[in-house]
Amino acid sequence: MKRAARATLTRTAPGVECRGIDEMNSRRVRLTVDGSVQGVGFRPYVYRLAHALELHGFVRNDARGVVVEVEGSTRALERFIQRLPKDAPPLASCGDIVREDIAPLGSREFTIDESVPSREVRAQVVPDSATCDECLRELFDPMDRRYRYPFVNCTNCGPRFTIVRGIPYDRPLTTMAAFVMCADCRAEYDDPRNRRFHAQPNACPRCGPRAWFVDAAGHVAPLGDARDAIEAAAVALLNGAIIAVKGLGGFHLACRADNDVAVQRLRARKVREEKPFALMVPDLAAAHCLVELAALDEQLLNGRERPIVLARRRHEARVADLVAPRQRCLGLMLPYSPLHHLLLADVGNPLVMTSGNVSDEPIVYENGTAIAGLATIADFLLLHDRPIECRVDDSIVRTIAIGGQHQAQMLRRSRGFAPTTLRLPVATPEPLLACGAQLKNSFCLVRERDAWLGPHVGDLANYETLQSFIDGVTHHEALFSVTPRHVAFDDHPEYLSTKYARARIDASPEQLSLGVQHHHAHLAACLAEHGECGPAIGVIFDGIGYGLDGTLWGGEVLLGDLTRFERVGHLRAVRMPGGEAAIREPWRMTCAWLSELSPGVTPALPGALVGQVRDAKWRSVARLVRGGIASPYTTSMGRLFDALSVLCGGPPDVSYEGQAAIELEMMADEEEVGRYDVQLCGEDGALMMDARPLVRGAIADLDANVPAATVAARVHNGIVDATTRICHLVAEQRDVNTVVLSGGVFQNVLLIERTAEALLAAGLRVLVPQRVPPNDGGIAFGQAAIAAARAASSTAIPIT
Ligand SMILES: [Zn+2]
Ligand SMILES: [Zn+2]
Ligand SMILES: [Zn+2]
């Protein structure tokens, strides 16, 4: 029809050339696209789309994203606009597209223009992505010029976030700047039809980074019969060696997962007594041999983020027991960089792949530091010369079933996910920084509704980690061009993130400070990731967090929204004898809870502790409980689980955070439906969960030789029941129907699944953390949501 109309026009307008008529018909639009559109093949995609539709104009990166101007027939323009977000390349995700109709310029071609340098940077940085299928084919094709080249990548895959130094994402602003492309690579890079058009890390064996293999002294190791450094590393691994492997975001320590001696040596050298190690397996088939995988687990394993996925271990799995002592699950990941693909293919065997660090320090990411620091652990190192700009650990996810539906839950958000933008339900009027907590720290930067939750930093307790936190904040501020005006932090005065925030505010008083209660942040994080503002009932079961009354909270029922909260219920408080010492020595919490059962009397040493804790030590801790010296009150649910774990035969001393509580979960008989009672009583207007009957019930059963597995299950069921009753009461009294389950204790699958099920059965709506961790890795996001909501509602921000 359009053609006919045009033909008519030609006849009725003699003397006007065809070209002129085209111009009269031609329209031009400018489209401004934000979102993740840089460094993901978006411009060549736009180029190809424009060509296919015979549109002219240009595309270029700018500080906010991508600008496209296209000119042509109305129909072609509309089809272009319609297809633009829909057919975008795999790593791209369009945010808002702003359309502007402008005057036609008579463009005769479509071009990809140079980026415009700008001061105001708004573009998004894309996470690193696993090697795509096409690159993999090249990697294993002996006829390809990139055969066995460990840095093969293209626009659809490869490093991004870990190599970016600045925005716009162009090669000079990446750690690839030092490598000059050879003629072949350059030709691919310049050809809009090529998969590597403007692939910033494009490289080949002639011009790109290389890998090499050294011994613990840093001397290049002889390759022997091996084809290359990677095969040499594989041979050493097969022979039982421990190898430090430089990957995408930092170093791993690797050894054979089926070799008890190697795993034992790795544990001893890394001083990591019992915390589970992650594994890397060559492919999905190998994963199936080790763990049970639901469809969603497979999707997560195979996704381009390539996280570690926790899944139930198969009995017959050939993995050394020391990999994950007394755990139901193994943490598995698939290779995500070409170097890992080659290594795993050469080894052909599952490998332990644990973060390359010394005890609690952050992951090592530089060659020099690795030789200096990891050589005491590793026999050899597999190094490469592509610098890592921003270190990132592996992410950890698992699936849980809520209301019969499997869903993913993030436990550590880092490689592959950071720095994807999370949207807040409320926009902040001015940029802000949220500093997070102490353990599992991450920080969060916000502009308007865009929140960038930085990668997992870890436990700030040591200097190296604190430094990595400060560097990370600085790097992200520059990368996202955010100058925070509000600085949010945890109420805990001793957290190093709090001290950092306060020092920052002292240094530049134009920044406004906002202290956020720890468990309120847990509640807000979950609300905000679901795009909600509340109000909701927040069941926050946690390790410990600083409470408003100066005691240590952690078994809280809050009623609140993004700006405020009220504490409507909590676990009965007990002493935490010796303070922090009770975290490392859970038997102290056993002593505290037993002392609650018989006030004023020193409880007898429970059977499980005979021979484990000296009687004199037990009595002195009981004295601490009675006298209250150096023994703050705590309502922590994590500590209650600790106390009961020890009674059931769990570890009296732990070597990693939450170990005793985790072991209680692992012990629990999943078929058992019995439970112990938790009493609900009113106290100061709030409901108190008195767990003394529960502890008494557990002791009575253990004394009657009921198996620990049954007791552990009944403890879980008792907490589930009490939680459901308290939520039901609050929901009725306060007319709120939504319950949020969050806090570190809800990493317990049994607890979160059963609690959610019971709440749903009671007719309540349940929200659980999915994309942001339930543990303290989610605190910064919660702080950010609260700070944004308070700033937006201009409620007085308490200056603390
Ligand atoms: Zn690729
Ligand atoms: Zn090249
Ligand atoms: Zn917490």
# chains A, B, ... in the order shown; residues from 1 in each chain; ligands from 1

$ residues_around --residues "region 207-211 of chain A" --least-positions-apart "3" --cutoff "8 Å" --atoms "only C-alpha atoms" --output "ChimeraX atom specification"
/A:150-151,179-182,202-204,229-230,382-386

$ select_by_dssp --residues "region 595-708 of chain A" --states "strand (DSSP E)" --output "JSON, numbers by chain"
{"A": [633, 634, 679, 680, 681, 682, 683, 686, 687, 688, 689, 690]}

$ write_last_selection --atoms "N, CA and C atoms" --output "compact mmCIF listing (two decimals), in the first residue's frame"
# COMPACT_ATOMS: atom_id res chain seq x y z
N TYR A 633 23.48 -9.22 76.92
CA TYR A 633 22.26 -9.96 76.60
C TYR A 633 22.11 -10.08 75.09
N THR A 634 21.64 -11.24 74.68
CA THR A 634 21.35 -11.39 73.26
C THR A 634 20.04 -12.13 73.03
N GLN A 679 7.04 -20.88 74.12
CA GLN A 679 5.92 -20.12 74.66
C GLN A 679 5.93 -18.69 74.17
N LEU A 680 4.77 -18.16 73.86
CA LEU A 680 4.68 -16.74 73.51
C LEU A 680 4.09 -16.00 74.69
N CYS A 681 4.77 -14.94 75.12
CA CYS A 681 4.20 -14.14 76.19
C CYS A 681 4.43 -12.66 75.91
N GLY A 682 3.59 -11.84 76.49
CA GLY A 682 3.72 -10.39 76.28
C GLY A 682 4.81 -9.83 77.18
N GLU A 683 5.60 -8.92 76.65
CA GLU A 683 6.60 -8.26 77.48
C GLU A 683 6.83 -6.86 76.93
N ALA A 686 5.69 -6.00 73.53
CA ALA A 686 6.12 -6.88 72.44
C ALA A 686 5.88 -8.32 72.85
N LEU A 687 5.83 -9.19 71.88
CA LEU A 687 5.68 -10.61 72.17
C LEU A 687 7.05 -11.23 72.36
N MET A 688 7.16 -12.09 73.38
CA MET A 688 8.44 -12.73 73.59
C MET A 688 8.30 -14.22 73.32
N MET A 689 9.28 -14.73 72.57
CA MET A 689 9.32 -16.17 72.33
C MET A 689 10.23 -16.78 73.39
N ASP A 690 9.61 -17.46 74.32
CA ASP A 690 10.40 -18.07 75.39
C ASP A 690 10.78 -19.48 74.96

$ residues_near_ligand --ligand "ligand 1" --cutoff "6 Å" --atoms "only C-alpha atoms and all ligand atoms" --output "CSV table (one decimal) with all heavy atoms, in the first residue's frame"
chain,number,residue,atom,x,y,z
A,131,THR,N,32.3,-18.0,28.9
A,131,THR,CA,32.6,-18.2,27.5
A,131,THR,C,31.4,-18.8,26.7
A,131,THR,O,30.8,-19.7,27.2
A,131,THR,CB,33.8,-19.3,27.4
A,131,THR,OG1,34.8,-18.9,28.4
A,131,THR,CG2,34.4,-19.3,26.0
A,132,CYS,N,31.2,-18.1,25.6
A,132,CYS,CA,30.0,-18.6,24.8
A,132,CYS,C,30.3,-19.8,24.0
A,132,CYS,O,31.5,-20.2,23.8
A,132,CYS,CB,29.5,-17.4,23.9
A,132,CYS,SG,30.6,-17.1,22.5
A,134,GLU,N,30.2,-20.4,20.8
A,134,GLU,CA,31.0,-20.2,19.5
A,134,GLU,C,32.5,-20.1,19.9
A,134,GLU,O,33.3,-20.6,19.2
A,134,GLU,CB,30.5,-18.9,18.8
A,134,GLU,CG,29.3,-19.2,18.0
A,134,GLU,CD,28.7,-17.9,17.5
A,134,GLU,OE1,28.2,-17.1,18.4
A,134,GLU,OE2,28.7,-17.6,16.3
A,135,CYS,N,32.8,-19.3,21.0
A,135,CYS,CA,34.2,-19.2,21.4
A,135,CYS,C,34.7,-20.6,21.8
A,135,CYS,O,35.9,-20.9,21.6
A,135,CYS,CB,34.3,-18.2,22.5
A,135,CYS,SG,34.2,-16.5,21.9
A,153,ASN,N,37.6,-14.8,23.5
A,153,ASN,CA,36.3,-14.2,24.0
A,153,ASN,C,35.7,-13.4,22.8
A,153,ASN,O,36.4,-13.3,21.7
A,153,ASN,CB,36.5,-13.2,25.1
A,153,ASN,CG,37.3,-12.0,24.8
A,153,ASN,OD1,36.8,-11.1,24.1
A,153,ASN,ND2,38.6,-12.0,25.1
A,154,CYS,N,34.5,-12.9,22.9
A,154,CYS,CA,33.9,-12.1,21.9
A,154,CYS,C,32.9,-11.2,22.5
A,154,CYS,O,32.9,-11.0,23.7
A,154,CYS,CB,33.2,-13.0,20.8
A,154,CYS,SG,31.7,-13.8,21.4
A,156,ASN,N,29.9,-11.4,22.9
A,156,ASN,CA,28.9,-12.1,23.7
A,156,ASN,C,29.4,-12.8,24.9
A,156,ASN,O,28.6,-13.4,25.6
A,156,ASN,CB,28.1,-13.1,22.8
A,156,ASN,CG,27.5,-12.5,21.6
A,156,ASN,OD1,27.0,-11.4,21.6
A,156,ASN,ND2,27.5,-13.2,20.5
A,157,CYS,N,30.7,-12.7,25.2
A,157,CYS,CA,31.2,-13.4,26.4
A,157,CYS,C,32.5,-12.7,26.8
A,157,CYS,O,33.0,-11.9,26.1
A,157,CYS,CB,31.4,-14.9,26.1
A,157,CYS,SG,32.8,-15.2,25.0

$ residues_around --residues "Gly240 (chain A)" --least-positions-apart "6" --cutoff "12 Å" --atoms "only C-alpha atoms" --output "PyMOL selection string"
chain A and resi 233-234+254-266+347+349+351-352+378-380

$ closest_atom_pairs --of "chain A" --to "ligand 3" --cutoff "9 Å" --atoms "only C-alpha atoms and all ligand atoms" --output "CSV"
residue,atom,partner,partner_atom_place_in_ligand_line,distance
A:Ala437,CA,ligand 3,1 (Zn),7.7
A:Leu439,CA,ligand 3,1 (Zn),8.5
A:His518,CA,ligand 3,1 (Zn),6.2
A:His519,CA,ligand 3,1 (Zn),6.4
A:Ala521,CA,ligand 3,1 (Zn),8.4
A:His522,CA,ligand 3,1 (Zn),6.7
A:Ile540,CA,ligand 3,1 (Zn),8.3
A:Phe541,CA,ligand 3,1 (Zn),8.1
A:Asp542,CA,ligand 3,1 (Zn),5.3
A:Gly543,CA,ligand 3,1 (Zn),6.1
A:Ile544,CA,ligand 3,1 (Zn),6.3
A:Gly545,CA,ligand 3,1 (Zn),5.8
A:Gly554,CA,ligand 3,1 (Zn),7.5
A:Ser742,CA,ligand 3,1 (Zn),8.7
A:Gly743,CA,ligand 3,1 (Zn),5.3
A:Gly744,CA,ligand 3,1 (Zn),5.8
A:Val745,CA,ligand 3,1 (Zn),8.7
A:Pro774,CA,ligand 3,1 (Zn),8.1
A:Asn775,CA,ligand 3,1 (Zn),5.7
A:Asp776,CA,ligand 3,1 (Zn),4.6
A:Gly777,CA,ligand 3,1 (Zn),8.4
A:Gly778,CA,ligand 3,1 (Zn),8.4
A:Ile779,CA,ligand 3,1 (Zn),7.0

$ write_last_selection --atoms "N, CA, C and O atoms" --output "CSV table (one decimal), in the first residue's frame"
chain,number,residue,atom,x,y,z
A,437,ALA,N,27.8,-4.2,56.5
A,437,ALA,CA,28.1,-4.7,57.9
A,437,ALA,C,29.5,-5.0,58.0
A,437,ALA,O,30.4,-4.4,57.3
A,439,LEU,N,30.8,-8.6,58.7
A,439,LEU,CA,31.0,-9.9,58.1
A,439,LEU,C,30.4,-9.9,56.7
A,439,LEU,O,29.4,-9.1,56.5
A,518,HIS,N,20.5,-2.8,62.2
A,518,HIS,CA,20.9,-4.0,61.5
A,518,HIS,C,19.7,-4.8,60.9
A,518,HIS,O,19.7,-5.1,59.7
A,519,HIS,N,18.8,-5.1,61.8
A,519,HIS,CA,17.7,-6.0,61.4
A,519,HIS,C,16.7,-5.3,60.5
A,519,HIS,O,16.0,-5.9,59.7
A,521,ALA,N,17.6,-3.2,58.4
A,521,ALA,CA,18.2,-3.3,57.0
A,521,ALA,C,18.0,-4.6,56.4
A,521,ALA,O,17.7,-4.7,55.2
A,522,HIS,N,18.0,-5.7,57.2
A,522,HIS,CA,17.7,-7.0,56.6
A,522,HIS,C,16.2,-7.0,56.1
A,522,HIS,O,16.0,-7.6,55.0
A,540,ILE,N,13.3,-11.6,61.4
A,540,ILE,CA,14.7,-11.6,61.1
A,540,ILE,C,15.5,-12.4,62.1
A,540,ILE,O,15.7,-12.0,63.3
A,541,PHE,N,15.8,-13.6,61.7
A,541,PHE,CA,16.6,-14.5,62.5
A,541,PHE,C,18.1,-14.5,62.0
A,541,PHE,O,18.4,-14.7,60.9
A,542,ASP,N,19.0,-14.1,63.0
A,542,ASP,CA,20.3,-13.7,62.6
A,542,ASP,C,21.3,-14.2,63.5
A,542,ASP,O,21.0,-14.8,64.6
A,543,GLY,N,22.6,-13.9,63.2
A,543,GLY,CA,23.6,-14.1,64.2
A,543,GLY,C,23.4,-13.1,65.3
A,543,GLY,O,22.6,-13.2,66.1
A,544,ILE,N,24.2,-12.0,65.2
A,544,ILE,CA,24.0,-10.9,66.1
A,544,ILE,C,24.1,-9.6,65.4
A,544,ILE,O,24.8,-9.4,64.4
A,545,GLY,N,23.3,-8.6,65.8
A,545,GLY,CA,23.3,-7.3,65.3
A,545,GLY,C,23.0,-6.3,66.5
A,545,GLY,O,22.3,-6.7,67.4
A,554,GLY,N,18.9,-10.5,67.3
A,554,GLY,CA,19.1,-11.6,66.3
A,554,GLY,C,18.0,-12.6,66.2
A,554,GLY,O,18.0,-13.5,65.4
A,742,SER,N,14.1,-13.1,56.7
A,742,SER,CA,15.5,-12.8,56.3
A,742,SER,C,16.4,-12.9,57.5
A,742,SER,O,16.0,-13.1,58.7
A,743,GLY,N,17.7,-12.6,57.3
A,743,GLY,CA,18.7,-12.8,58.3
A,743,GLY,C,19.5,-14.0,58.1
A,743,GLY,O,19.0,-15.0,57.4
A,744,GLY,N,20.7,-14.1,58.6
A,744,GLY,CA,21.7,-15.2,58.3
A,744,GLY,C,21.1,-16.6,58.6
A,744,GLY,O,21.4,-17.5,58.0
A,745,VAL,N,20.3,-16.6,59.7
A,745,VAL,CA,19.8,-18.0,60.1
A,745,VAL,C,18.9,-18.6,59.0
A,745,VAL,O,18.8,-19.8,58.9
A,774,PRO,N,20.3,-13.3,52.1
A,774,PRO,CA,19.6,-13.1,53.4
A,774,PRO,C,20.6,-12.8,54.5
A,774,PRO,O,20.2,-12.3,55.5
A,775,ASN,N,21.8,-13.1,54.3
A,775,ASN,CA,22.9,-12.8,55.3
A,775,ASN,C,23.4,-11.4,55.2
A,775,ASN,O,22.8,-10.6,54.5
A,776,ASP,N,24.5,-11.1,55.9
A,776,ASP,CA,24.9,-9.7,56.0
A,776,ASP,C,25.4,-9.2,54.6
A,776,ASP,O,25.7,-8.0,54.5
A,777,GLY,N,25.6,-10.0,53.6
A,777,GLY,CA,25.9,-9.6,52.3
A,777,GLY,C,24.8,-8.7,51.7
A,777,GLY,O,25.0,-8.0,50.7
A,778,GLY,N,23.6,-8.8,52.3
A,778,GLY,CA,22.5,-8.0,51.8
A,778,GLY,C,22.2,-6.7,52.6
A,778,GLY,O,21.4,-5.9,52.3
A,779,ILE,N,23.0,-6.5,53.7
A,779,ILE,CA,22.8,-5.4,54.6
A,779,ILE,C,22.9,-4.0,53.8
A,779,ILE,O,22.1,-3.1,54.0

$ residues_around --residues "Glu298 (chain A)" --least-positions-apart "3" --cutoff "10 Å" --atoms "only C-alpha atoms" --output "PyMOL selection string"
chain A and resi 284+287-288+292-295+301-303+309

$ write_last_selection --atoms "N, CA, C and O atoms" --output "CSV table (one decimal), in the first residue's frame"
chain,number,residue,atom,x,y,z
A,284,LEU,N,28.2,-30.5,32.8
A,284,LEU,CA,26.9,-30.8,33.5
A,284,LEU,C,26.9,-32.3,33.8
A,284,LEU,O,26.4,-32.7,34.9
A,287,ALA,N,28.7,-32.9,36.8
A,287,ALA,CA,28.0,-32.4,37.9
A,287,ALA,C,26.9,-33.4,38.4
A,287,ALA,O,26.8,-33.6,39.6
A,288,HIS,N,26.3,-34.0,37.4
A,288,HIS,CA,25.2,-35.0,37.8
A,288,HIS,C,25.8,-36.2,38.5
A,288,HIS,O,25.0,-36.8,39.3
A,292,GLU,N,22.6,-34.1,43.1
A,292,GLU,CA,21.2,-34.2,42.5
A,292,GLU,C,20.9,-32.8,42.0
A,292,GLU,O,21.0,-31.8,42.8
A,293,LEU,N,20.5,-32.7,40.8
A,293,LEU,CA,20.2,-31.4,40.2
A,293,LEU,C,18.8,-31.3,39.7
A,293,LEU,O,18.4,-32.1,38.8
A,294,ALA,N,18.0,-30.3,40.2
A,294,ALA,CA,16.7,-30.0,39.6
A,294,ALA,C,17.0,-29.1,38.4
A,294,ALA,O,18.1,-28.7,38.1
A,295,ALA,N,15.9,-28.9,37.6
A,295,ALA,CA,16.0,-28.2,36.4
A,295,ALA,C,16.6,-26.8,36.6
A,295,ALA,O,17.5,-26.3,35.9
A,301,LEU,N,23.7,-23.4,37.1
A,301,LEU,CA,25.0,-23.9,36.9
A,301,LEU,C,25.5,-23.5,35.5
A,301,LEU,O,26.7,-23.0,35.4
A,302,ASN,N,24.6,-23.6,34.5
A,302,ASN,CA,25.0,-23.3,33.2
A,302,ASN,C,24.8,-21.9,32.7
A,302,ASN,O,25.2,-21.5,31.6
A,303,GLY,N,24.2,-21.0,33.6
A,303,GLY,CA,24.0,-19.7,33.3
A,303,GLY,C,25.3,-18.9,33.0
A,303,GLY,O,26.3,-19.3,33.4
A,309,VAL,N,26.9,-23.4,42.7
A,309,VAL,CA,25.5,-23.8,43.1
A,309,VAL,C,25.6,-24.9,44.1
A,309,VAL,O,26.3,-25.9,44.0

$ residues_around --residues "Cys591 (chain A)" --least-positions-apart "5" --cutoff "12 Å" --atoms "only C-alpha atoms" --output "ChimeraX atom specification"
/A:574-578,582,585-586,596-599,601-606,609,613,615,617-626,639-640,642-644,646-647,652,695

$ write_last_selection --atoms "C-alpha atoms" --output "compact mmCIF listing (two decimals), in the first residue's frame"
# COMPACT_ATOMS: atom_id res chain seq x y z
CA VAL A 574 19.99 -14.68 77.46
CA ARG A 575 23.55 -13.84 78.42
CA MET A 576 26.27 -14.31 75.85
CA PRO A 577 29.09 -15.35 78.16
CA GLY A 578 32.37 -13.73 77.19
CA ALA A 582 30.65 -17.33 72.52
CA GLU A 585 32.87 -21.45 71.36
CA PRO A 586 29.17 -22.29 71.00
CA GLU A 596 18.25 -20.00 82.17
CA LEU A 597 16.47 -23.22 83.05
CA SER A 598 17.71 -23.19 86.62
CA PRO A 599 18.55 -19.63 87.64
CA VAL A 601 22.43 -22.79 90.02
CA THR A 602 25.41 -24.00 88.01
CA PRO A 603 23.97 -26.44 85.46
CA ALA A 604 25.55 -29.86 85.16
CA LEU A 605 27.94 -30.36 82.24
CA PRO A 606 25.78 -31.94 79.52
CA LEU A 609 30.42 -32.04 76.43
CA VAL A 613 35.09 -29.00 77.95
CA ASP A 615 34.55 -28.88 84.30
CA LYS A 617 35.96 -23.96 82.51
CA TRP A 618 32.25 -24.82 82.40
CA ARG A 619 31.78 -23.57 85.96
CA SER A 620 33.62 -20.32 85.28
CA VAL A 621 31.45 -19.65 82.24
CA ALA A 622 28.34 -20.38 84.33
CA ARG A 623 29.64 -17.76 86.78
CA LEU A 624 29.95 -15.26 83.89
CA VAL A 625 26.33 -15.92 83.02
CA ARG A 626 25.17 -15.38 86.62
CA ARG A 639 23.13 -18.45 69.12
CA LEU A 640 20.11 -20.52 70.23
CA ASP A 642 24.40 -23.01 68.38
CA ALA A 643 23.45 -23.95 71.94
CA LEU A 644 21.17 -26.76 70.77
CA VAL A 646 26.20 -28.59 70.94
CA LEU A 647 23.63 -30.48 73.04
CA PRO A 652 31.69 -27.19 70.91
CA VAL A 695 15.51 -26.44 75.39

$ residues_around --residues "region 496-498 of chain A" --least-positions-apart "3" --cutoff "12 Å" --atoms "only C-alpha atoms" --output "VMD selection string"
chain A and resid 433 to 444 457 to 463 465 to 470 473 487 to 493 501 to 505 513 to 518 546 779 to 780 800

$ residues_around --residues "Val736 (chain A)" --least-positions-apart "2" --cutoff "9 Å" --atoms "only C-alpha atoms" --output "tab-separated table (two decimals) with N, CA and C atoms, in the first residue's frame"
chain	number	residue	atom	x	y	z
A	535	PRO	N	4.13	-1.67	54.56
A	535	PRO	CA	4.66	-2.37	55.73
A	535	PRO	C	4.57	-3.89	55.61
A	536	ALA	N	5.45	-4.55	56.38
A	536	ALA	CA	5.45	-6.00	56.44
A	536	ALA	C	5.94	-6.43	57.81
A	537	ILE	N	5.60	-7.65	58.14
A	537	ILE	CA	6.15	-8.26	59.36
A	537	ILE	C	7.50	-8.84	58.95
A	559	LEU	N	7.91	-4.92	62.71
A	559	LEU	CA	6.82	-4.50	61.85
A	559	LEU	C	7.29	-3.18	61.28
A	730	VAL	N	0.44	-11.02	65.09
A	730	VAL	CA	0.76	-9.65	64.66
A	730	VAL	C	-0.08	-9.27	63.45
A	731	ALA	N	-0.22	-10.20	62.52
A	731	ALA	CA	-0.99	-9.93	61.30
A	731	ALA	C	-2.42	-9.54	61.66
A	732	GLU	N	-3.01	-10.26	62.60
A	732	GLU	CA	-4.40	-9.97	62.99
A	732	GLU	C	-4.50	-8.65	63.73
A	733	GLN	N	-3.60	-8.45	64.69
A	733	GLN	CA	-3.65	-7.22	65.49
A	733	GLN	C	-3.40	-5.98	64.66
A	734	ARG	N	-2.47	-6.09	63.72
A	734	ARG	CA	-2.02	-4.89	63.02
A	734	ARG	C	-2.48	-4.83	61.58
A	738	THR	N	1.73	-9.35	54.94
A	738	THR	CA	2.97	-9.80	54.31
A	738	THR	C	4.04	-10.09	55.36
A	739	VAL	N	4.72	-11.21	55.20
A	739	VAL	CA	5.81	-11.56	56.10
A	739	VAL	C	7.10	-11.68	55.30
A	764	LEU	N	-0.96	-16.20	55.01
A	764	LEU	CA	-0.14	-15.00	54.90
A	764	LEU	C	0.67	-15.02	53.60

$ select_by_dssp --residues "region 293-339 of chain A" --states "helix (DSSP H, G or I)" --output "VMD selection string"
chain A and resid 295 to 302 321 to 323 338 to 339

$ write_last_selection --atoms "C-alpha atoms" --output "PDB file, in the first residue's frame"
ATOM      1  CA  ALA A 295      16.028 -28.167  36.361  1.00  0.00           C
ATOM      2  CA  LEU A 296      16.584 -24.790  38.002  1.00  0.00           C
ATOM      3  CA  ASP A 297      19.923 -25.946  39.472  1.00  0.00           C
ATOM      4  CA  GLU A 298      21.053 -26.897  35.976  1.00  0.00           C
ATOM      5  CA  GLN A 299      20.008 -23.528  34.644  1.00  0.00           C
ATOM      6  CA  LEU A 300      21.931 -21.756  37.389  1.00  0.00           C
ATOM      7  CA  LEU A 301      25.027 -23.905  36.882  1.00  0.00           C
ATOM      8  CA  ASN A 302      24.965 -23.323  33.153  1.00  0.00           C
ATOM      9  CA  ASP A 321      35.148 -36.398  52.664  1.00  0.00           C
ATOM     10  CA  LEU A 322      37.285 -33.478  53.693  1.00  0.00           C
ATOM     11  CA  VAL A 323      35.906 -31.353  50.848  1.00  0.00           C
ATOM     12  CA  PRO A 338      38.562 -20.406  28.445  1.00  0.00           C
ATOM     13  CA  LEU A 339      41.491 -21.020  30.779  1.00  0.00           C
TER      14      LEU A 339
END

$ closest_residue --among "A:Ala372, A:Leu105, A:Leu139, A:Cys185" --to "ligand 2" --atoms "only C-alpha atoms and all ligand atoms"
A:Cys185

$ decode --residues "region 685-696 of chain A" --atoms "N, CA and C atoms" --output "mmCIF file, in the first residue's frame"
data_model
loop_
_atom_site.group_PDB
_atom_site.id
_atom_site.type_symbol
_atom_site.label_atom_id
_atom_site.label_comp_id
_atom_site.auth_asym_id
_atom_site.auth_seq_id
_atom_site.Cartn_x
_atom_site.Cartn_y
_atom_site.Cartn_z
ATOM 1 N N GLY A 685 4.890 -4.668 75.778
ATOM 2 C CA GLY A 685 4.167 -4.380 74.530
ATOM 3 C C GLY A 685 4.602 -5.236 73.360
ATOM 4 N N ALA A 686 5.691 -6.001 73.530
ATOM 5 C CA ALA A 686 6.125 -6.876 72.441
ATOM 6 C C ALA A 686 5.878 -8.321 72.851
ATOM 7 N N LEU A 687 5.833 -9.192 71.880
ATOM 8 C CA LEU A 687 5.675 -10.606 72.169
ATOM 9 C C LEU A 687 7.049 -11.230 72.358
ATOM 10 N N MET A 688 7.155 -12.085 73.379
ATOM 11 C CA MET A 688 8.438 -12.732 73.593
ATOM 12 C C MET A 688 8.302 -14.220 73.323
ATOM 13 N N MET A 689 9.279 -14.731 72.570
ATOM 14 C CA MET A 689 9.318 -16.170 72.332
ATOM 15 C C MET A 689 10.227 -16.776 73.389
ATOM 16 N N ASP A 690 9.614 -17.462 74.323
ATOM 17 C CA ASP A 690 10.398 -18.068 75.392
ATOM 18 C C ASP A 690 10.779 -19.479 74.957
ATOM 19 N N ALA A 691 12.048 -19.658 74.683
ATOM 20 C CA ALA A 691 12.501 -20.948 74.148
ATOM 21 C C ALA A 691 12.919 -21.921 75.252
ATOM 22 N N ARG A 692 12.683 -21.550 76.510
ATOM 23 C CA ARG A 692 13.116 -22.469 77.577
ATOM 24 C C ARG A 692 12.415 -23.831 77.490
ATOM 25 N N PRO A 693 11.087 -23.863 77.232
ATOM 26 C CA PRO A 693 10.454 -25.185 77.102
ATOM 27 C C PRO A 693 11.057 -26.011 75.968
ATOM 28 N N LEU A 694 11.478 -25.329 74.919
ATOM 29 C CA LEU A 694 12.100 -26.028 73.782
ATOM 30 C C LEU A 694 13.420 -26.658 74.210
ATOM 31 N N VAL A 695 14.228 -25.898 74.931
ATOM 32 C CA VAL A 695 15.514 -26.436 75.391
ATOM 33 C C VAL A 695 15.272 -27.609 76.350
ATOM 34 N N ARG A 696 14.298 -27.414 77.238
ATOM 35 C CA ARG A 696 13.966 -28.482 78.196
ATOM 36 C C ARG A 696 13.536 -29.762 77.459
#
